[in-house]
file final_23.pdb (PDB, C-alpha atoms and all ligand atoms)
ATOM      1  CA  MET A   1     -10.673 -28.206  12.060
ATOM      2  CA  GLN A   2     -11.612 -30.145   8.973
ATOM      3  CA  THR A   3     -10.227 -33.564   8.162
ATOM      4  CA  PHE A   4     -10.095 -34.657   4.546
ATOM      5  CA  ASN A   5      -9.916 -38.161   3.186
ATOM      6  CA  CYS A   6      -7.868 -39.592   0.367
ATOM      7  CA  ARG A   7      -8.199 -43.393  -0.032
ATOM      8  CA  ILE A   8      -6.188 -44.965  -2.760
ATOM      9  CA  LEU A   9      -6.699 -48.498  -4.043
ATOM     10  CA  VAL A  10      -4.545 -50.531  -6.362
ATOM     11  CA  GLY A  11      -5.859 -52.451  -9.359
ATOM     12  CA  THR A  12      -4.258 -54.465 -12.176
ATOM     13  CA  SER A  13      -5.216 -54.921 -15.793
ATOM     14  CA  CYS A  14      -3.832 -56.668 -18.860
ATOM     15  CA  ASN A  15      -3.825 -55.269 -22.387
ATOM     16  CA  LYS A  16      -7.138 -56.905 -23.111
ATOM     17  CA  THR A  17      -9.038 -55.550 -20.121
ATOM     18  CA  ALA A  18      -7.560 -52.113 -20.730
ATOM     19  CA  GLU A  19      -9.071 -52.195 -24.174
ATOM     20  CA  LEU A  20     -12.332 -53.794 -23.127
ATOM     21  CA  MET A  21     -12.971 -51.562 -20.159
ATOM     22  CA  SER A  22     -11.405 -48.552 -21.868
ATOM     23  CA  LEU A  23      -9.149 -48.165 -18.866
ATOM     24  CA  ILE A  24      -7.704 -44.725 -19.429
ATOM     25  CA  CYS A  25      -5.382 -42.833 -17.120
ATOM     26  CA  SER A  26      -7.122 -39.675 -15.901
ATOM     27  CA  TYR A  27      -3.795 -37.839 -15.913
ATOM     28  CA  CYS A  28      -2.190 -38.670 -19.292
ATOM     29  CA  ASN A  29      -5.282 -40.017 -21.097
ATOM     30  CA  LYS A  30      -3.378 -43.116 -22.277
ATOM     31  CA  PRO A  31      -4.553 -46.717 -21.794
ATOM     32  CA  ILE A  32      -3.523 -48.428 -18.588
ATOM     33  CA  THR A  33      -1.973 -51.859 -18.373
ATOM     34  CA  GLY A  34      -0.505 -53.497 -15.323
ATOM     35  CA  GLU A  35      -0.865 -52.093 -11.861
ATOM     36  CA  TYR A  36      -2.779 -48.875 -11.532
ATOM     37  CA  ILE A  37      -4.091 -46.580  -8.835
ATOM     38  CA  ILE A  38      -7.752 -45.911  -8.092
ATOM     39  CA  LEU A  39      -8.685 -42.680  -6.383
ATOM     40  CA  GLY A  40     -12.408 -41.973  -6.127
ATOM     41  CA  ASP A  41     -13.841 -42.551  -9.601
ATOM     42  CA  LYS A  42     -10.500 -41.926 -11.323
ATOM     43  CA  LYS A  43      -7.744 -44.328 -12.336
ATOM     44  CA  TYR A  44      -4.090 -43.537 -12.967
ATOM     45  CA  HIS A  45      -0.857 -45.159 -14.101
ATOM     46  CA  THR A  46       1.125 -45.714 -10.917
ATOM     47  CA  SER A  47       3.862 -43.388 -12.198
ATOM     48  CA  CYS A  48       1.411 -40.653 -13.252
ATOM     49  CA  PHE A  49      -0.159 -40.873  -9.818
ATOM     50  CA  LYS A  50       3.135 -40.778  -7.901
ATOM     51  CA  ASP A  51       4.563 -37.923  -9.958
ATOM     52  CA  HIS A  52       1.556 -35.678 -10.466
ATOM     53  CA  ILE A  53      -1.466 -36.541  -8.345
ATOM     54  CA  GLU A  54      -0.394 -38.002  -5.031
ATOM     55  CA  LEU A  55      -0.540 -35.663  -2.032
ATOM     56  CA  LYS A  56       2.710 -35.652  -0.082
ATOM     57  CA  CYS A  57       2.705 -35.324   3.685
ATOM     58  CA  GLY A  58       4.571 -32.260   4.959
ATOM     59  CA  ILE A  59       5.717 -34.163   8.050
ATOM     60  CA  CYS A  60       6.721 -37.708   7.015
ATOM     61  CA  HIS A  61       7.154 -36.769   3.318
ATOM     62  CA  GLN A  62       5.361 -39.962   2.248
ATOM     63  CA  GLY A  63       2.382 -40.168  -0.066
ATOM     64  CA  ILE A  64      -0.870 -39.625   1.824
ATOM     65  CA  ASN A  65      -3.317 -42.519   1.981
ATOM     66  CA  GLY A  66      -6.188 -41.948   4.380
ATOM     67  CA  ASN A  67      -7.268 -39.047   6.558
ATOM     68  CA  TYR A  68      -5.231 -35.888   6.311
ATOM     69  CA  LEU A  69      -5.229 -32.198   7.218
ATOM     70  CA  HIS A  70      -5.024 -29.460   4.652
ATOM     71  CA  ASP A  71      -4.317 -25.746   5.057
ATOM     72  CA  GLU A  72      -4.883 -22.762   2.803
ATOM     73  CA  TRP A  73      -1.141 -22.488   2.165
ATOM     74  CA  GLY A  74      -1.309 -25.733   0.212
ATOM     75  CA  ASN A  75       0.159 -28.028   2.876
ATOM     76  CA  ASN A  76      -1.185 -31.503   3.560
ATOM     77  CA  VAL A  77      -0.235 -33.831   6.417
ATOM     78  CA  CYS A  78      -1.414 -37.270   7.514
ATOM     79  CA  ALA A  79      -4.037 -36.886  10.258
ATOM     80  CA  HIS A  80      -2.251 -39.377  12.522
ATOM     81  CA  HIS A  81       0.576 -36.885  13.207
ATOM     82  CA  ASN A  82      -1.964 -34.833  15.222
ATOM     83  CA  ALA A  83      -0.476 -31.609  13.881
ATOM     84  CA  ARG A  84      -1.822 -28.198  14.871
ATOM     85  CA  TYR A  85      -2.581 -25.130  12.829
ATOM     86  CA  CYS A  86      -0.546 -21.993  13.550
ATOM     87  CA  ASP A  87      -2.626 -19.677  15.753
ATOM     88  CA  SER A  88      -1.553 -16.691  13.696
ATOM     89  CA  CYS A  89      -1.232 -17.608  10.002
ATOM     90  CA  SER A  90      -3.284 -20.866  10.069
ATOM     91  CA  LYS A  91      -0.492 -22.865   8.436
ATOM     92  CA  ILE A  92      -0.110 -26.483   9.570
ATOM     93  CA  ILE A  93       2.791 -26.680  12.011
ATOM     94  CA  THR A  94       5.151 -29.317  10.652
ATOM     95  CA  THR A  95       7.946 -29.041  13.225
ATOM     96  CA  ASN A  96       8.087 -31.213  16.315
ATOM     97  CA  ASN A  97       9.031 -28.638  18.908
ATOM     98  CA  THR A  98       5.646 -26.983  19.178
ATOM     99  CA  ARG A  99       5.698 -25.438  22.609
ATOM    100  CA  PRO A 100       3.132 -22.691  23.105
ATOM    101  CA  VAL A 101       4.201 -19.068  23.557
ATOM    102  CA  ASN A 102       1.797 -17.317  25.909
ATOM    103  CA  GLY A 103      -0.754 -20.026  25.226
ATOM    104  CA  ARG A 104      -0.531 -19.817  21.425
ATOM    105  CA  TYR A 105       1.088 -22.163  18.912
ATOM    106  CA  TYR A 106       3.101 -20.765  16.020
ATOM    107  CA  CYS A 107       4.627 -22.199  12.873
ATOM    108  CA  GLN A 108       8.324 -21.766  12.141
ATOM    109  CA  SER A 109       7.918 -18.720   9.920
ATOM    110  CA  CYS A 110       5.755 -16.913  12.474
ATOM    111  CA  THR A 111       8.203 -17.758  15.268
ATOM    112  CA  ALA A 112      10.980 -16.179  13.206
ATOM    113  CA  ILE A 113       9.199 -12.814  13.146
ATOM    114  CA  SER A 114       7.760 -12.689  16.654
ATOM    115  CA  VAL A 115       7.689  -9.435  18.597
ATOM    116  CA  ASN A 116       9.001 -10.038  22.100
ATOM    117  CA  SER A 117      10.118  -6.611  23.231
ATOM    118  CA  SER A 118       9.244  -2.980  22.660
ATOM    119  CA  VAL A 119      12.477  -2.406  20.744
ATOM    120  CA  HIS A 120      11.114  -2.861  17.237
ATOM    121  CA  THR A 121       7.647  -1.482  17.752
ATOM    122  CA  ALA A 122       8.362   2.123  16.675
ATOM    123  CA  SER A 123       8.485   1.477  12.923
ATOM    124  CA  VAL A 124       5.283  -0.570  13.025
ATOM    125  CA  TYR A 125       3.644   2.238  15.008
ATOM    126  CA  GLN A 126       4.750   4.808  12.412
ATOM    127  CA  ASN A 127       3.391   2.693   9.563
ATOM    128  CA  ILE A 128       0.007   2.513  11.226
ATOM    129  CA  LEU A 129      -0.122   6.285  11.757
ATOM    130  CA  LYS A 130       0.767   6.782   8.085
ATOM    131  CA  THR A 131      -2.077   4.505   7.038
ATOM    132  CA  TYR A 132      -4.521   6.239   9.365
ATOM    133  CA  ASN A 133      -3.526   9.657   8.006
ATOM    134  CA  ARG A 134      -4.110   8.420   4.508
ATOM    135  CA  TYR A 135      -7.670   7.421   5.406
ATOM    136  CA  GLY A 136      -8.409  10.635   7.289
ATOM    137  CA  ILE A 137      -8.130   9.171  10.783
ATOM    138  CA  GLN A 138      -6.323  12.184  12.205
ATOM    139  CA  GLN A 139      -4.806  12.885  15.601
ATOM    140  CA  VAL A 140      -4.296   9.311  16.627
ATOM    141  CA  PRO A 141      -2.133   9.499  19.783
ATOM    142  CA  ALA A 142       1.431   9.263  18.516
ATOM    143  CA  ASN A 143       3.498   8.454  21.588
ATOM    144  CA  VAL A 144       1.559   5.847  23.494
ATOM    145  CA  PRO A 145       3.870   3.491  25.389
ATOM    146  CA  VAL A 146       3.509  -0.019  23.948
ATOM    147  CA  HIS A 147       4.215  -2.663  26.575
ATOM    148  CA  ILE A 148       4.899  -6.222  25.445
ATOM    149  CA  VAL A 149       3.635  -8.476  28.218
ATOM    150  CA  ASP A 150       3.007 -12.141  28.952
ATOM    151  CA  ALA A 151      -0.456 -13.692  29.140
ATOM    152  CA  LYS A 152      -0.627 -13.374  32.920
ATOM    153  CA  ALA A 153       0.208  -9.678  32.959
ATOM    154  CA  LEU A 154      -2.264  -9.002  30.148
ATOM    155  CA  ALA A 155      -5.022 -10.846  31.993
ATOM    156  CA  ALA A 156      -4.221  -8.869  35.154
ATOM    157  CA  LYS A 157      -4.540  -5.578  33.245
ATOM    158  CA  SER A 158      -7.835  -6.629  31.763
ATOM    159  CA  SER A 159      -9.517  -7.854  34.933
ATOM    160  CA  SER A 160     -12.769  -6.218  33.832
ATOM    161  CA  LEU A 161     -12.825  -7.991  30.468
ATOM    162  CA  SER A 162     -13.591 -11.636  29.973
ATOM    163  CA  THR A 163     -12.034 -12.308  26.583
ATOM    164  CA  PRO A 164     -10.332 -15.700  26.597
ATOM    165  CA  ASP A 165      -7.980 -15.001  23.694
ATOM    166  CA  LEU A 166      -7.108 -11.421  24.446
ATOM    167  CA  LEU A 167      -4.144 -10.210  22.402
ATOM    168  CA  GLY A 168      -4.005  -6.557  23.352
ATOM    169  CA  LEU A 169      -5.464  -3.874  25.531
ATOM    170  CA  ALA A 170      -5.578  -0.071  25.627
ATOM    171  CA  VAL A 171      -5.871   1.720  28.942
ATOM    172  CA  THR A 172      -6.808   5.404  28.984
ATOM    173  CA  GLY A 173      -6.781   7.755  31.948
ATOM    174  CA  SER A 174      -7.896  11.378  31.928
ATOM    175  CA  LYS A 175      -7.705  14.364  34.221
ATOM    176  CA  TRP A 176      -8.663  18.009  34.157
ATOM    177  CA  SER A 177      -5.794  20.469  34.194
ATOM    178  CA  ASN A 178      -5.707  22.749  37.207
ATOM    179  CA  PHE A 179      -5.954  26.095  35.488
ATOM    180  CA  SER A 180      -7.564  25.414  32.143
ATOM    181  CA  PRO A 181     -10.743  23.715  31.004
ATOM    182  CA  VAL A 182      -8.745  21.160  29.049
ATOM    183  CA  LYS A 183      -8.870  17.481  29.764
ATOM    184  CA  THR A 184      -5.616  15.596  29.276
ATOM    185  CA  PHE A 185      -5.458  11.922  28.420
ATOM    186  CA  THR A 186      -2.812   9.356  29.133
ATOM    187  CA  HIS A 187      -2.792   6.037  27.298
ATOM    188  CA  ASP A 188      -0.964   2.759  27.642
ATOM    189  CA  ILE A 189      -1.152  -0.176  25.264
ATOM    190  CA  TYR A 190      -0.406  -3.736  26.351
ATOM    191  CA  ILE A 191       0.209  -6.414  23.724
ATOM    192  CA  LEU A 192       0.763 -10.122  24.218
ATOM    193  CA  GLY A 193       4.391 -11.122  23.638
ATOM    194  CA  GLY A 194       5.265 -13.467  20.781
ATOM    195  CA  LEU A 195       2.857 -12.209  18.109
ATOM    196  CA  PRO A 196       4.348 -12.354  14.604
ATOM    197  CA  VAL A 197       4.833  -8.887  13.064
ATOM    198  CA  PRO A 198       1.694  -8.790  10.841
ATOM    199  CA  GLU A 199      -0.528  -9.798  13.740
ATOM    200  CA  PHE A 200       1.287  -7.450  16.112
ATOM    201  CA  GLU A 201       0.600  -4.637  13.636
ATOM    202  CA  SER A 202      -3.049  -5.631  13.388
ATOM    203  CA  VAL A 203      -3.451  -5.668  17.189
ATOM    204  CA  LEU A 204      -1.591  -2.365  17.662
ATOM    205  CA  ALA A 205      -3.781  -0.759  14.969
ATOM    206  CA  HIS A 206      -6.869  -1.973  16.842
ATOM    207  CA  GLU A 207      -5.664  -0.690  20.222
ATOM    208  CA  LEU A 208      -4.634   2.688  18.787
ATOM    209  CA  LEU A 209      -8.183   3.224  17.576
ATOM    210  CA  HIS A 210      -9.374   2.555  21.144
ATOM    211  CA  THR A 211      -7.125   5.414  22.317
ATOM    212  CA  TRP A 212      -8.502   7.588  19.495
ATOM    213  CA  LEU A 213     -12.116   6.834  20.468
ATOM    214  CA  ASN A 214     -11.323   7.431  24.145
ATOM    215  CA  GLN A 215      -9.707  10.749  23.365
ATOM    216  CA  TYR A 216     -12.710  11.942  21.361
ATOM    217  CA  GLU A 217     -14.955  10.526  24.115
ATOM    218  CA  VAL A 218     -17.067   8.765  21.531
ATOM    219  CA  LYS A 219     -20.031   6.895  22.976
ATOM    220  CA  MET A 220     -20.933   3.697  21.142
ATOM    221  CA  ASN A 221     -22.003   0.250  22.251
ATOM    222  CA  GLU A 222     -19.398  -2.478  22.738
ATOM    223  CA  ALA A 223     -19.971  -4.106  19.339
ATOM    224  CA  GLU A 224     -19.636  -0.746  17.579
ATOM    225  CA  ILE A 225     -16.447   0.082  19.482
ATOM    226  CA  GLU A 226     -14.758  -3.265  18.829
ATOM    227  CA  GLY A 227     -16.038  -3.281  15.250
ATOM    228  CA  PHE A 228     -14.614   0.193  14.685
ATOM    229  CA  CYS A 229     -11.234  -0.773  16.154
ATOM    230  CA  ASN A 230     -11.210  -3.894  13.973
ATOM    231  CA  LEU A 231     -11.522  -1.589  10.960
ATOM    232  CA  GLY A 232      -8.037  -0.353  11.895
ATOM    233  CA  SER A 233      -6.677  -3.906  11.808
ATOM    234  CA  TYR A 234      -8.461  -4.464   8.532
ATOM    235  CA  LEU A 235      -6.873  -1.369   6.977
ATOM    236  CA  VAL A 236      -3.295  -2.207   7.899
ATOM    237  CA  LEU A 237      -3.772  -5.822   6.839
ATOM    238  CA  THR A 238      -5.242  -4.714   3.502
ATOM    239  CA  ILE A 239      -2.174  -2.579   2.880
ATOM    240  CA  ALA A 240       0.239  -5.320   3.991
ATOM    241  CA  ALA A 241      -1.393  -7.496   1.288
ATOM    242  CA  THR A 242       0.476 -10.687   2.194
ATOM    243  CA  LYS A 243      -0.956 -14.175   2.474
ATOM    244  CA  HIS A 244      -0.493 -13.980   6.250
ATOM    245  CA  ALA A 245      -2.388 -10.667   6.317
ATOM    246  CA  GLN A 246      -5.135 -12.236   4.212
ATOM    247  CA  MET A 247      -5.498 -15.099   6.680
ATOM    248  CA  LEU A 248      -5.780 -12.634   9.574
ATOM    249  CA  MET A 249      -8.365 -10.579   7.660
ATOM    250  CA  LYS A 250     -10.347 -13.707   7.025
ATOM    251  CA  LYS A 251     -10.470 -14.383  10.787
ATOM    252  CA  ILE A 252     -11.768 -10.865  11.413
ATOM    253  CA  LYS A 253     -14.335 -11.024   8.608
ATOM    254  CA  GLU A 254     -15.598 -14.481   9.502
ATOM    255  CA  ASP A 255     -15.510 -14.117  13.301
ATOM    256  CA  PRO A 256     -18.908 -15.487  14.382
ATOM    257  CA  GLY A 257     -18.872 -13.449  17.625
ATOM    258  CA  GLU A 258     -21.539 -10.830  18.201
ATOM    259  CA  ILE A 259     -19.128  -8.187  19.499
ATOM    260  CA  TYR A 260     -15.949  -8.339  17.401
ATOM    261  CA  GLY A 261     -17.315 -10.154  14.337
ATOM    262  CA  ALA A 262     -20.806  -8.701  13.946
ATOM    263  CA  GLY A 263     -19.526  -5.305  15.124
ATOM    264  CA  PHE A 264     -16.878  -5.316  12.417
ATOM    265  CA  ARG A 265     -19.298  -6.290   9.664
ATOM    266  CA  LYS A 266     -21.690  -3.544  10.729
ATOM    267  CA  MET A 267     -18.985  -0.863  10.770
ATOM    268  CA  LEU A 268     -17.487  -1.998   7.461
ATOM    269  CA  ALA A 269     -20.923  -1.815   5.836
ATOM    270  CA  GLU A 270     -21.248   1.721   7.184
ATOM    271  CA  VAL A 271     -17.853   2.732   5.738
ATOM    272  CA  LYS A 272     -18.761   1.275   2.355
ATOM    273  CA  GLN A 273     -22.043   3.142   2.353
ATOM    274  CA  LYS A 274     -20.755   6.542   3.497
ATOM    275  CA  GLY A 275     -17.086   6.628   2.552
ATOM    276  CA  TRP A 276     -14.346   7.088   5.173
ATOM    277  CA  LEU A 277     -14.601  10.845   5.748
ATOM    278  CA  LYS A 278     -18.341  10.994   6.336
ATOM    279  CA  PHE A 279     -18.140   7.808   8.404
ATOM    280  CA  LEU A 280     -15.417   9.271  10.654
ATOM    281  CA  THR A 281     -17.300  12.548  11.094
ATOM    282  CA  ASP A 282     -20.397  10.603  12.151
ATOM    283  CA  VAL A 283     -18.400   8.441  14.585
ATOM    284  CA  LYS A 284     -16.850  11.510  16.241
ATOM    285  CA  ALA A 285     -20.336  13.005  16.629
ATOM    286  CA  ARG A 286     -21.517  10.055  18.720
ATOM    287  CA  LYS A 287     -21.157  11.639  22.130
TER
HETATM  288 ZN    ZN B 301      -0.939 -41.898 -17.005
HETATM  289 ZN    ZN B 302       2.673 -38.147   7.246
HETATM  290 ZN    ZN B 303       2.261 -19.133  11.298
HETATM  291 ZN    ZN B 304     -10.771  -3.843  21.365
END
call {"tool": "encode", "arguments": {"input": "final_23.pdb", "output": "structure tokens"}}
result
Amino acid sequence: MQTFNCRILVGTSCNKTAELMSLICSYCNKPITGEYIILGDKKYHTSCFKDHIELKCGICHQGINGNYLHDEWGNNVCAHHNARYCDSCSKIITTNNTRPVNGRYYCQSCTAISVNSSVHTASVYQNILKTYNRYGIQQVPANVPVHIVDAKALAAKSSSLSTPDLLGLAVTGSKWSNFSPVKTFTHDIYILGGLPVPEFESVLAHELLHTWLNQYEVKMNEAEIEGFCNLGSYLVLTIAATKHAQMLMKKIKEDPGEIYGAGFRKMLAEVKQKGWLKFLTDVKARK
């Protein structure tokens, strides 16, 4: 988290000093007399400052003077409110009732579109399959049960993984049929309850690519696997093309981790070099 600083000072001048010191308002370019505002190396008429320059706090709605937080949605709040950033869209949370949902904090707009049951998952699932078809990612399992679970249940399912902020998980089982040399696969996807729709879609896209890789029995290292699955999130977020989707893409792209972050950057570079079809053929050949 980055804290910014905005210190304003107040000065006064008479006609004479305004002329002598060429005291000019940095907003309207007219001479300043009387009380004026100093911000950094700039000076403003008090009214120009109040109406056009002053940052307003999104919580107390007063002008900001001192340390403050800023988000990429254009919101600013005084630092002393100890506000949090939304764990999904990175907006500053300006409401008071910020109780975590499954360990994550959400802003009002994300709370309004949270996915808390499997009821509305079908259309999101279909959208993802459509996107995958468009990019040549064929035969992605189409009827995988998507279970919306709480943090405890998700952690229990992922006992072998040690990811602190796990949002989803794909579990694949396989067995040989009795009378034919065909292996059948069963998949289940578990997703943390409370994710806002764009993030839910991103996580489901990621987990569906796990089922795809499992089904093709692709052998790659962990960074390649997670990086590949993150490509799925990246695709659906690119198509969503909203500010929220952009913020989620930024997290994926700038993730400093060696598995998810570096893995993603490596796989994306490979896609850019080879194009999707050649890339997918090469991935499927990694047995
Ligand atoms: Zn002015
Ligand atoms: Zn404030
Ligand atoms: Zn949010
Ligand atoms: Zn994964």
call {"tool": "residues_near_ligand", "arguments": {"input": "final_23.pdb", "ligand": "ligand ZN 301 (chain B)", "cutoff": "6 Å", "atoms": "only C-alpha atoms and all ligand atoms", "output": "PyMOL selection string"}}
result
chain A and resi 25+27-28+30+44-45+48
call {"tool": "write_last_selection", "arguments": {"input": "final_23.pdb", "atoms": "C-alpha atoms", "output": "PDB file, in the coordinates of the input"}}
result
ATOM      1  CA  CYS A  25      -5.382 -42.833 -17.120  1.00  0.00           C
ATOM      2  CA  TYR A  27      -3.795 -37.839 -15.913  1.00  0.00           C
ATOM      3  CA  CYS A  28      -2.190 -38.670 -19.292  1.00  0.00           C
ATOM      4  CA  LYS A  30      -3.378 -43.116 -22.277  1.00  0.00           C
ATOM      5  CA  TYR A  44      -4.090 -43.537 -12.967  1.00  0.00           C
ATOM      6  CA  HIS A  45      -0.857 -45.159 -14.101  1.00  0.00           C
ATOM      7  CA  CYS A  48       1.411 -40.653 -13.252  1.00  0.00           C
TER       8      CYS A  48
END
call {"tool": "resolve_selection", "arguments": {"input": "final_23.pdb", "expression": "the PyMOL selection byres (((chain A and resi 225-228) around 7) and not hetatm)", "output": "PyMOL selection string"}}
result
chain A and resi 220-224+229-231+259-260+263-264+267
call {"tool": "closest_atom_pairs", "arguments": {"input": "final_23.pdb", "of": "chain A", "to": "ligand ZN 303 (chain B)", "cutoff": "12 Å", "atoms": "all atoms listed in the file", "output": "tab-separated table"}}
result
residue	atom	partner	partner_atom	distance
A:Asp71	CA	B:ZN303	ZN	11.2
A:Glu72	CA	B:ZN303	ZN	11.7
A:Trp73	CA	B:ZN303	ZN	10.3
A:Arg84	CA	B:ZN303	ZN	10.6
A:Tyr85	CA	B:ZN303	ZN	7.9
A:Cys86	CA	B:ZN303	ZN	4.6
A:Asp87	CA	B:ZN303	ZN	6.6
A:Ser88	CA	B:ZN303	ZN	5.1
A:Cys89	CA	B:ZN303	ZN	4.0
A:Ser90	CA	B:ZN303	ZN	5.9
A:Lys91	CA	B:ZN303	ZN	5.4
A:Ile92	CA	B:ZN303	ZN	7.9
A:Ile93	CA	B:ZN303	ZN	7.6
A:Thr94	CA	B:ZN303	ZN	10.6
A:Thr95	CA	B:ZN303	ZN	11.6
A:Thr98	CA	B:ZN303	ZN	11.6
A:Arg104	CA	B:ZN303	ZN	10.5
A:Tyr105	CA	B:ZN303	ZN	8.3
A:Tyr106	CA	B:ZN303	ZN	5.1
A:Cys107	CA	B:ZN303	ZN	4.2
A:Gln108	CA	B:ZN303	ZN	6.7
A:Ser109	CA	B:ZN303	ZN	5.8
A:Cys110	CA	B:ZN303	ZN	4.3
A:Thr111	CA	B:ZN303	ZN	7.3
A:Ala112	CA	B:ZN303	ZN	9.4
A:Ile113	CA	B:ZN303	ZN	9.6
A:Ser114	CA	B:ZN303	ZN	10.0
A:Gly194	CA	B:ZN303	ZN	11.4
A:Leu195	CA	B:ZN303	ZN	9.7
A:Pro196	CA	B:ZN303	ZN	7.8
A:Val197	CA	B:ZN303	ZN	10.7
A:Pro198	CA	B:ZN303	ZN	10.4
A:Glu199	CA	B:ZN303	ZN	10.0
A:Lys243	CA	B:ZN303	ZN	10.6
A:His244	CA	B:ZN303	ZN	7.7
A:Ala245	CA	B:ZN303	ZN	10.9
A:Met247	CA	B:ZN303	ZN	9.9
A:Leu248	CA	B:ZN303	ZN	10.5
call {"tool": "closest_residue", "arguments": {"input": "final_23.pdb", "among": "A:Lys50, A:Gly136, A:Thr186, A:Tyr125", "to": "His206 in chain A", "atoms": "all atoms listed in the file"}}
result
A:Tyr125
call {"tool": "resolve_selection", "arguments": {"input": "final_23.pdb", "expression": "the PyMOL selection byres (((not hetatm)) within 7 of (chain B and resi 302))", "output": "list in words"}}
result
Cys57, Gly58, Ile59, Cys60, His61, Gln62, Ile64, Val77, Cys78 and His81 of chain A
call {"tool": "closest_residue", "arguments": {"input": "final_23.pdb", "among": "A:Arg134, A:His210, A:His120, A:Lys284", "to": "ligand ZN 304 (chain B)", "atoms": "only C-alpha atoms and all ligand atoms"}}
result
A:His210
call {"tool": "atom_distance", "arguments": {"input": "final_23.pdb", "atom1": "CA of Asp150 in chain A", "atom2": "CA of Asn127 in chain A"}}
result
24.4 Å
call {"tool": "closest_residue", "arguments": {"input": "final_23.pdb", "among": "A:Tyr216, A:Lys251, A:Leu268, A:Leu169", "to": "ligand ZN 304 (chain B)", "atoms": "all atoms listed in the file"}}
result
A:Leu169
call {"tool": "closest_residue", "arguments": {"input": "final_23.pdb", "among": "A:Met249, A:Ala285, A:Ile239, A:Ala205", "to": "ligand ZN 304 (chain B)", "atoms": "all atoms listed in the file"}}
result
A:Ala205
call {"tool": "closest_residue", "arguments": {"input": "final_23.pdb", "among": "A:Thr121, A:Asn75, A:Leu277, A:Glu54", "to": "Ile137 in chain A", "atoms": "all atoms listed in the file"}}
result
A:Leu277
call {"tool": "atom_distance", "arguments": {"input": "final_23.pdb", "atom1": "CA of Ala155 in chain A", "atom2": "atom ZN of ligand ZN 304 (chain B)"}}
result
14.0 Å
call {"tool": "residues_around", "arguments": {"input": "final_23.pdb", "residues": "Glu35 in chain A", "least_positions_apart": "3", "cutoff": "12 Å", "atoms": "all atoms listed in the file", "output": "list in words"}}
result
Leu9, Val10, Gly11, Thr12, Ser13, Cys14, Asn15, Ala18, Leu23, Cys25, Pro31, Ile32, Ile38, Lys43, Tyr44, His45, Thr46, Ser47, Cys48 and Phe49 of chain A
call {"tool": "write_last_selection", "arguments": {"input": "final_23.pdb", "atoms": "C-alpha atoms", "output": "tab-separated table (two decimals), in the coordinates of the input"}}
result
chain	number	residue	atom	x	y	z
A	9	LEU	CA	-6.70	-48.50	-4.04
A	10	VAL	CA	-4.54	-50.53	-6.36
A	11	GLY	CA	-5.86	-52.45	-9.36
A	12	THR	CA	-4.26	-54.46	-12.18
A	13	SER	CA	-5.22	-54.92	-15.79
A	14	CYS	CA	-3.83	-56.67	-18.86
A	15	ASN	CA	-3.82	-55.27	-22.39
A	18	ALA	CA	-7.56	-52.11	-20.73
A	23	LEU	CA	-9.15	-48.16	-18.87
A	25	CYS	CA	-5.38	-42.83	-17.12
A	31	PRO	CA	-4.55	-46.72	-21.79
A	32	ILE	CA	-3.52	-48.43	-18.59
A	38	ILE	CA	-7.75	-45.91	-8.09
A	43	LYS	CA	-7.74	-44.33	-12.34
A	44	TYR	CA	-4.09	-43.54	-12.97
A	45	HIS	CA	-0.86	-45.16	-14.10
A	46	THR	CA	1.12	-45.71	-10.92
A	47	SER	CA	3.86	-43.39	-12.20
A	48	CYS	CA	1.41	-40.65	-13.25
A	49	PHE	CA	-0.16	-40.87	-9.82
call {"tool": "residues_around", "arguments": {"input": "final_23.pdb", "residues": "Gly168 in chain A", "least_positions_apart": "3", "cutoff": "12 Å", "atoms": "only C-alpha atoms", "output": "mmCIF file with C-alpha atoms, in the frame of the given file"}}
result
data_model
loop_
_atom_site.group_PDB
_atom_site.id
_atom_site.type_symbol
_atom_site.label_atom_id
_atom_site.label_comp_id
_atom_site.auth_asym_id
_atom_site.auth_seq_id
_atom_site.Cartn_x
_atom_site.Cartn_y
_atom_site.Cartn_z
ATOM 1 C CA VAL A 146 3.509 -0.019 23.948
ATOM 2 C CA HIS A 147 4.215 -2.663 26.575
ATOM 3 C CA ILE A 148 4.899 -6.222 25.445
ATOM 4 C CA VAL A 149 3.635 -8.476 28.218
ATOM 5 C CA ASP A 150 3.007 -12.141 28.952
ATOM 6 C CA ALA A 151 -0.456 -13.692 29.140
ATOM 7 C CA ALA A 153 0.208 -9.678 32.959
ATOM 8 C CA LEU A 154 -2.264 -9.002 30.148
ATOM 9 C CA ALA A 155 -5.022 -10.846 31.993
ATOM 10 C CA LYS A 157 -4.540 -5.578 33.245
ATOM 11 C CA SER A 158 -7.835 -6.629 31.763
ATOM 12 C CA LEU A 161 -12.825 -7.991 30.468
ATOM 13 C CA THR A 163 -12.034 -12.308 26.583
ATOM 14 C CA PRO A 164 -10.332 -15.700 26.597
ATOM 15 C CA ASP A 165 -7.980 -15.001 23.694
ATOM 16 C CA VAL A 171 -5.871 1.720 28.942
ATOM 17 C CA ASP A 188 -0.964 2.759 27.642
ATOM 18 C CA ILE A 189 -1.152 -0.176 25.264
ATOM 19 C CA TYR A 190 -0.406 -3.736 26.351
ATOM 20 C CA ILE A 191 0.209 -6.414 23.724
ATOM 21 C CA LEU A 192 0.763 -10.122 24.218
ATOM 22 C CA GLY A 193 4.391 -11.122 23.638
ATOM 23 C CA GLY A 194 5.265 -13.467 20.781
ATOM 24 C CA LEU A 195 2.857 -12.209 18.109
ATOM 25 C CA GLU A 199 -0.528 -9.798 13.740
ATOM 26 C CA PHE A 200 1.287 -7.450 16.112
ATOM 27 C CA GLU A 201 0.600 -4.637 13.636
ATOM 28 C CA SER A 202 -3.049 -5.631 13.388
ATOM 29 C CA VAL A 203 -3.451 -5.668 17.189
ATOM 30 C CA LEU A 204 -1.591 -2.365 17.662
ATOM 31 C CA ALA A 205 -3.781 -0.759 14.969
ATOM 32 C CA HIS A 206 -6.869 -1.973 16.842
ATOM 33 C CA GLU A 207 -5.664 -0.690 20.222
ATOM 34 C CA LEU A 208 -4.634 2.688 18.787
ATOM 35 C CA HIS A 210 -9.374 2.555 21.144
ATOM 36 C CA CYS A 229 -11.234 -0.773 16.154
#
